[in-house]
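One structure is given below, encoded as structure tokens.
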Amino acid sequence: MAIKRLDELAVAGKRVFCRVDFNVPLTDDGNVSDDTRISKVLPTIKRLRDAGARVICASHLGRPKGKVVEKLRMEPVGARLADLLGDGDVLVTDEPSGDGARQVIDRAREGDVVLLENLRFDARETENEDSFARELAALADIYLNDAFGTAHRAHASTVGMVQYVEQRGAGLLMFRELEMLGRLLSGAPKPFIAILGGAKVSDKLPVITNLLGKVDALIIGGAMANTFIAAQGGALGRSMVESDALDAARQVLARAQSKGVDLLLPVDAVVAPSLDAAGGETVPADAIPAEQMALDIGPQTLAAYRDRLSSAGAVFWNGPMGVFEKEPFAAGTMGIAEAVAASSAMSVVGGGDSVAAVVKSGTADKITHISTGGGASLEFMSGKTLPGVAALEV
Ligand code: ADP
Ligand code: MG
């Protein structure tokens, strides 16, 4: 991987454009409701300031679709960033590029932090238009990407502008993502076990296919498991089953067998007639009564999965084991989170809902790496080259 890390760049006195992921949730009255994403980038920003850089942070926020949307201005994000840095203002520009942005940056001194206005106020950002890439590049001397979560998109701020700056590299957060996910794909400690769940097999087929060549065992849960069980002739009642993915599921089963990968499917399930049921009952996973839906893995399945995980060398987890958002169907997912946290394996969790589940379980600090990229981590684990990563190579 020929990507420079922050410490290898000569940033003193330079204007460093830092592509960050400040796409944070906002409350109705426009405040930042969860600043996790801002906090995650603080080490990179602090390192740059300590090294004497003029830091220019840039992100998108929400989906303004190429127009100025007052509610999606970066102003509250800049205010929260300033709070978290705790020593002075963050200057927010009133446009993502152009004269307004340039004037603010020209006034910035070493150690100052500027935040550009929402990149997606300009339609040329997501279109990766060369004119916008050049305007952004003109604001900086060095390009740093610390936004792994948007690295799977080829936009002006993630790809287009990179060729027009004199130096490029990865921020601390981005570097750790590449290191951790990269190690899973080549050189994961054995046995390497992947846990895949969530809603759809079809969403995850590229990941499953790539991982089948790497893992020793594949543990399946969530609604995804229903499709595998249906593909083998099981009765699923009213459970979520992807009827157009049955063939794909059969192919995965056959490929796992030919590669000698153990593919573990649920043996029991927690079922209920509706998502709003106050509780469920446990039945065999391939004999779901006609009026019931499988909404979580059952206790026997959980015990078998825990047992298997206890001897893992590395674990990659994407996709909840059940409808963990509802208390009666959360036990499988919470139990797996505890098992992953308790194991001495190198553990990596990726995926928006999966990360939410781990946070909910209170075990996040015992996981080796929690990926900040939902879609990006899945594309990476599928073996794809992310355009925003490729652009950083020198
Ligand atoms: P991630 O965001 O981590 O990639 P997904 O989006 O693939 O995960 O899947 C998460 C969703 O899958 C959750 O909203 C969860 O409620 C749902 N889910 C999991 N198991 C089931 C099930 N048995 N039936 C219906 N939905 C399920
Ligand atoms: Mg999801």
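All residue names refer to the structure tokens as shown: chains lettered A, B, ... in order, residues numbered from 1 in each chain, ligands numbered from 1 in order.
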
- Task: Set the cut-off to 6 Å, count only C-alpha atoms and all ligand atoms, and list whatever residues fall near ligand 1 as a list of chain:residue names.
- Result: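 Checked against 6 Å with only C-alpha atoms and all ligand atoms; the hits are A:Gly198, A:Ala199, A:Gly222, A:Ala223, A:Met240, A:Ala294, A:Leu295, A:Asp296, A:Asn318, A:Gly319, A:Pro320, A:Met321, A:Gly322, A:Val323, A:Phe324, A:Gly351, A:Gly352, A:Asp353, A:Ser354.
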
Any chance you can output those residues with C-alpha atoms as an mmCIF file, in the first residue's frame?
```
data_model
loop_
_atom_site.group_PDB
_atom_site.id
_atom_site.type_symbol
_atom_site.label_atom_id
_atom_site.label_comp_id
_atom_site.auth_asym_id
_atom_site.auth_seq_id
_atom_site.Cartn_x
_atom_site.Cartn_y
_atom_site.Cartn_z
ATOM 1 C CA GLY A 198 -28.947 -8.283 8.528
ATOM 2 C CA ALA A 199 -31.786 -8.030 6.131
ATOM 3 C CA GLY A 222 -30.670 -12.318 10.689
ATOM 4 C CA ALA A 223 -33.247 -12.380 7.935
ATOM 5 C CA MET A 240 -38.720 -12.237 5.504
ATOM 6 C CA ALA A 294 -38.441 -15.596 12.524
ATOM 7 C CA LEU A 295 -37.207 -12.416 14.194
ATOM 8 C CA ASP A 296 -34.086 -13.554 16.062
ATOM 9 C CA ASN A 318 -21.600 -7.350 9.625
ATOM 10 C CA GLY A 319 -25.349 -7.544 10.054
ATOM 11 C CA PRO A 320 -27.478 -8.045 13.190
ATOM 12 C CA MET A 321 -28.749 -11.530 14.120
ATOM 13 C CA GLY A 322 -32.325 -10.344 14.477
ATOM 14 C CA VAL A 323 -34.589 -7.328 14.815
ATOM 15 C CA PHE A 324 -32.415 -6.030 17.660
ATOM 16 C CA GLY A 351 -22.116 -1.667 8.885
ATOM 17 C CA GLY A 352 -24.426 1.056 10.141
ATOM 18 C CA ASP A 353 -26.916 -1.126 12.007
ATOM 19 C CA SER A 354 -24.233 -3.533 13.216
#
```

- Residues near range 112-127 of chain A, cut-off 7 Å, only C-alpha atoms, skip fewer than 6 positions along chain, as a list in words: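 My list of contacting residues is Arg54, Val55, Ile56, Cys57, Ala58, Ser59, His60, Leu61, Pro64, Lys65, Gly66, Lys67, Val68, Arg73, Met74, Gly78, Val90, Leu91, Val92, Thr93, Asp94, Glu95, Pro96, Ala101, Ile105, His155, Ala156 and Ser157 of chain A.
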
- Message: Please identify the alpha helix (DSSP H) residues within range 326-392 of chain A (assignment by DSSP from backbone atoms) and present them as a ChimeraX atom specification.
- Response: /A:331-342,352-361,374-381,387-390

- Between A:Ala151, A:Val159, A:Leu236, A:Arg176, single out the one closest to Glu129 in chain A, counting only C-alpha atoms.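 The answer is A:Val159, which sits nearest to Glu129 in chain A.
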
- If you run DSSP on this backbone, which residues of range 73-315 of chain A come out as strand (DSSP E or B), and could you give them as an MDAnalysis selection string? chainID A and resid 91:92 113:115 142:145 167:170 192:196 217:220 235 262:264 268:272 281:284 287 293:297 314:315

Okay, now the selection with C-alpha atoms, as a tab-separated table (two decimals), in the first residue's frame?
```tsv
chain	number	residue	atom	x	y	z
A	91	LEU	CA	-13.96	29.61	10.94
A	92	VAL	CA	-16.82	28.44	8.72
A	113	VAL	CA	-9.03	25.46	11.66
A	114	VAL	CA	-11.33	26.43	8.79
A	115	LEU	CA	-14.46	24.46	7.94
A	142	ILE	CA	-1.77	19.21	0.68
A	143	TYR	CA	-4.66	16.79	0.46
A	144	LEU	CA	-5.49	14.47	3.33
A	145	ASN	CA	-8.43	12.07	3.35
A	167	GLN	CA	1.17	16.09	-1.64
A	168	ARG	CA	-1.50	13.59	-0.62
A	169	GLY	CA	-2.05	11.12	2.17
A	170	ALA	CA	-4.37	9.39	4.62
A	192	PHE	CA	-10.86	-16.35	10.72
A	193	ILE	CA	-14.62	-16.32	11.25
A	194	ALA	CA	-17.07	-13.98	9.55
A	195	ILE	CA	-20.49	-13.35	11.05
A	196	LEU	CA	-22.98	-12.09	8.51
A	217	ALA	CA	-16.11	-20.40	8.99
A	218	LEU	CA	-19.10	-18.28	8.06
A	219	ILE	CA	-21.77	-17.74	10.69
A	220	ILE	CA	-25.13	-16.64	9.30
A	235	ALA	CA	-40.64	-23.78	6.12
A	262	ASP	CA	-17.97	-24.29	7.58
A	263	LEU	CA	-21.22	-22.43	6.99
A	264	LEU	CA	-23.25	-22.28	10.18
A	268	ASP	CA	-33.71	-22.50	16.22
A	269	ALA	CA	-35.45	-19.15	15.91
A	270	VAL	CA	-37.44	-16.75	18.06
A	271	VAL	CA	-40.76	-16.22	16.29
A	272	ALA	CA	-43.76	-13.93	16.69
A	281	GLU	CA	-41.45	-18.28	21.27
A	282	THR	CA	-38.65	-20.56	20.18
A	283	VAL	CA	-39.14	-23.08	17.37
A	284	PRO	CA	-36.86	-25.04	15.00
A	287	ALA	CA	-40.20	-25.28	10.80
A	293	MET	CA	-42.02	-14.80	11.52
A	294	ALA	CA	-38.44	-15.60	12.52
A	295	LEU	CA	-37.21	-12.42	14.19
A	296	ASP	CA	-34.09	-13.55	16.06
A	297	ILE	CA	-31.78	-16.54	16.34
A	314	ALA	CA	-10.03	-13.02	13.86
A	315	VAL	CA	-13.68	-12.02	13.54
```

- Message: List as a list in words the protein and nucleic acid residues near Thr209 in chain A, meaning an atom at most 10 Å away when only C-alpha atoms are counted, but skip any in the same chain fewer than 4 places from it.
- Response: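 Here the answer would be Lys204, Leu205, Gly213, Lys214, Gln251, Val252, Arg255, Ala256, Met381, Ser382 and Gly383 of chain A.
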
Show which residues sit within 12 Å of Ala356 in chain A, as a short mmCIF file (atom, residue, chain, number, x, y, z; two decimals) with N, CA and C atoms, in the first residue's frame. Count only C-alpha atoms, and ignore same-chain residues fewer than 3 positions away.
```cif
data_model
loop_
_atom_site.label_atom_id
_atom_site.label_comp_id
_atom_site.auth_asym_id
_atom_site.auth_seq_id
_atom_site.Cartn_x
_atom_site.Cartn_y
_atom_site.Cartn_z
N THR A 36 -20.24 11.79 17.44
CA THR A 36 -19.24 10.72 17.32
C THR A 36 -18.31 10.93 16.13
N ASN A 318 -20.67 -8.30 10.24
CA ASN A 318 -21.60 -7.35 9.62
C ASN A 318 -23.01 -7.94 9.62
N GLY A 319 -23.94 -7.17 10.13
CA GLY A 319 -25.35 -7.54 10.05
C GLY A 319 -25.86 -8.16 11.34
N PRO A 320 -26.89 -7.54 11.95
CA PRO A 320 -27.48 -8.05 13.19
C PRO A 320 -28.11 -9.43 13.02
N PHE A 324 -32.94 -6.41 16.33
CA PHE A 324 -32.42 -6.03 17.66
C PHE A 324 -32.99 -4.71 18.15
N GLU A 325 -33.59 -3.94 17.23
CA GLU A 325 -34.19 -2.67 17.63
C GLU A 325 -35.37 -2.89 18.57
N THR A 333 -28.51 -10.85 18.93
CA THR A 333 -27.51 -9.85 18.52
C THR A 333 -26.66 -9.41 19.72
N MET A 334 -27.32 -9.19 20.86
CA MET A 334 -26.58 -8.77 22.06
C MET A 334 -25.63 -9.88 22.51
N ALA A 337 -22.65 -9.94 20.27
CA ALA A 337 -21.78 -8.80 20.61
C ALA A 337 -20.92 -9.15 21.83
N VAL A 349 -15.98 -4.77 13.42
CA VAL A 349 -17.41 -4.68 13.13
C VAL A 349 -17.62 -3.57 12.12
N GLY A 350 -18.39 -3.85 11.07
CA GLY A 350 -18.69 -2.83 10.06
C GLY A 350 -20.16 -2.87 9.69
N GLY A 351 -20.70 -1.73 9.27
CA GLY A 351 -22.12 -1.67 8.89
C GLY A 351 -22.88 -0.79 9.86
N GLY A 352 -23.72 0.07 9.32
CA GLY A 352 -24.43 1.06 10.14
C GLY A 352 -25.21 0.45 11.28
N ASP A 353 -26.07 -0.53 10.97
CA ASP A 353 -26.92 -1.13 12.01
C ASP A 353 -26.10 -2.01 12.94
N VAL A 359 -22.85 -0.76 19.91
CA VAL A 359 -22.90 0.36 20.85
C VAL A 359 -24.00 0.11 21.88
N LYS A 360 -25.15 -0.35 21.39
CA LYS A 360 -26.28 -0.64 22.29
C LYS A 360 -25.90 -1.71 23.31
N SER A 361 -25.09 -2.66 22.91
CA SER A 361 -24.73 -3.77 23.81
C SER A 361 -23.73 -3.34 24.88
N GLY A 362 -23.14 -2.15 24.72
CA GLY A 362 -22.19 -1.67 25.71
C GLY A 362 -20.83 -2.34 25.64
N THR A 363 -20.53 -3.01 24.54
CA THR A 363 -19.25 -3.73 24.44
C THR A 363 -18.29 -3.07 23.45
N ALA A 364 -18.66 -1.90 22.94
CA ALA A 364 -17.87 -1.29 21.85
C ALA A 364 -16.39 -1.15 22.19
N ILE A 370 -13.97 -0.67 15.23
CA ILE A 370 -15.33 -0.43 14.77
C ILE A 370 -15.23 0.48 13.56
N SER A 371 -15.62 -0.04 12.42
CA SER A 371 -15.43 0.73 11.20
C SER A 371 -16.39 1.91 11.15
N THR A 372 -15.87 3.05 10.68
CA THR A 372 -16.70 4.25 10.54
C THR A 372 -17.39 4.27 9.18
N GLY A 374 -19.93 2.51 6.67
CA GLY A 374 -20.95 1.48 6.47
C GLY A 374 -20.75 0.83 5.12
#
```
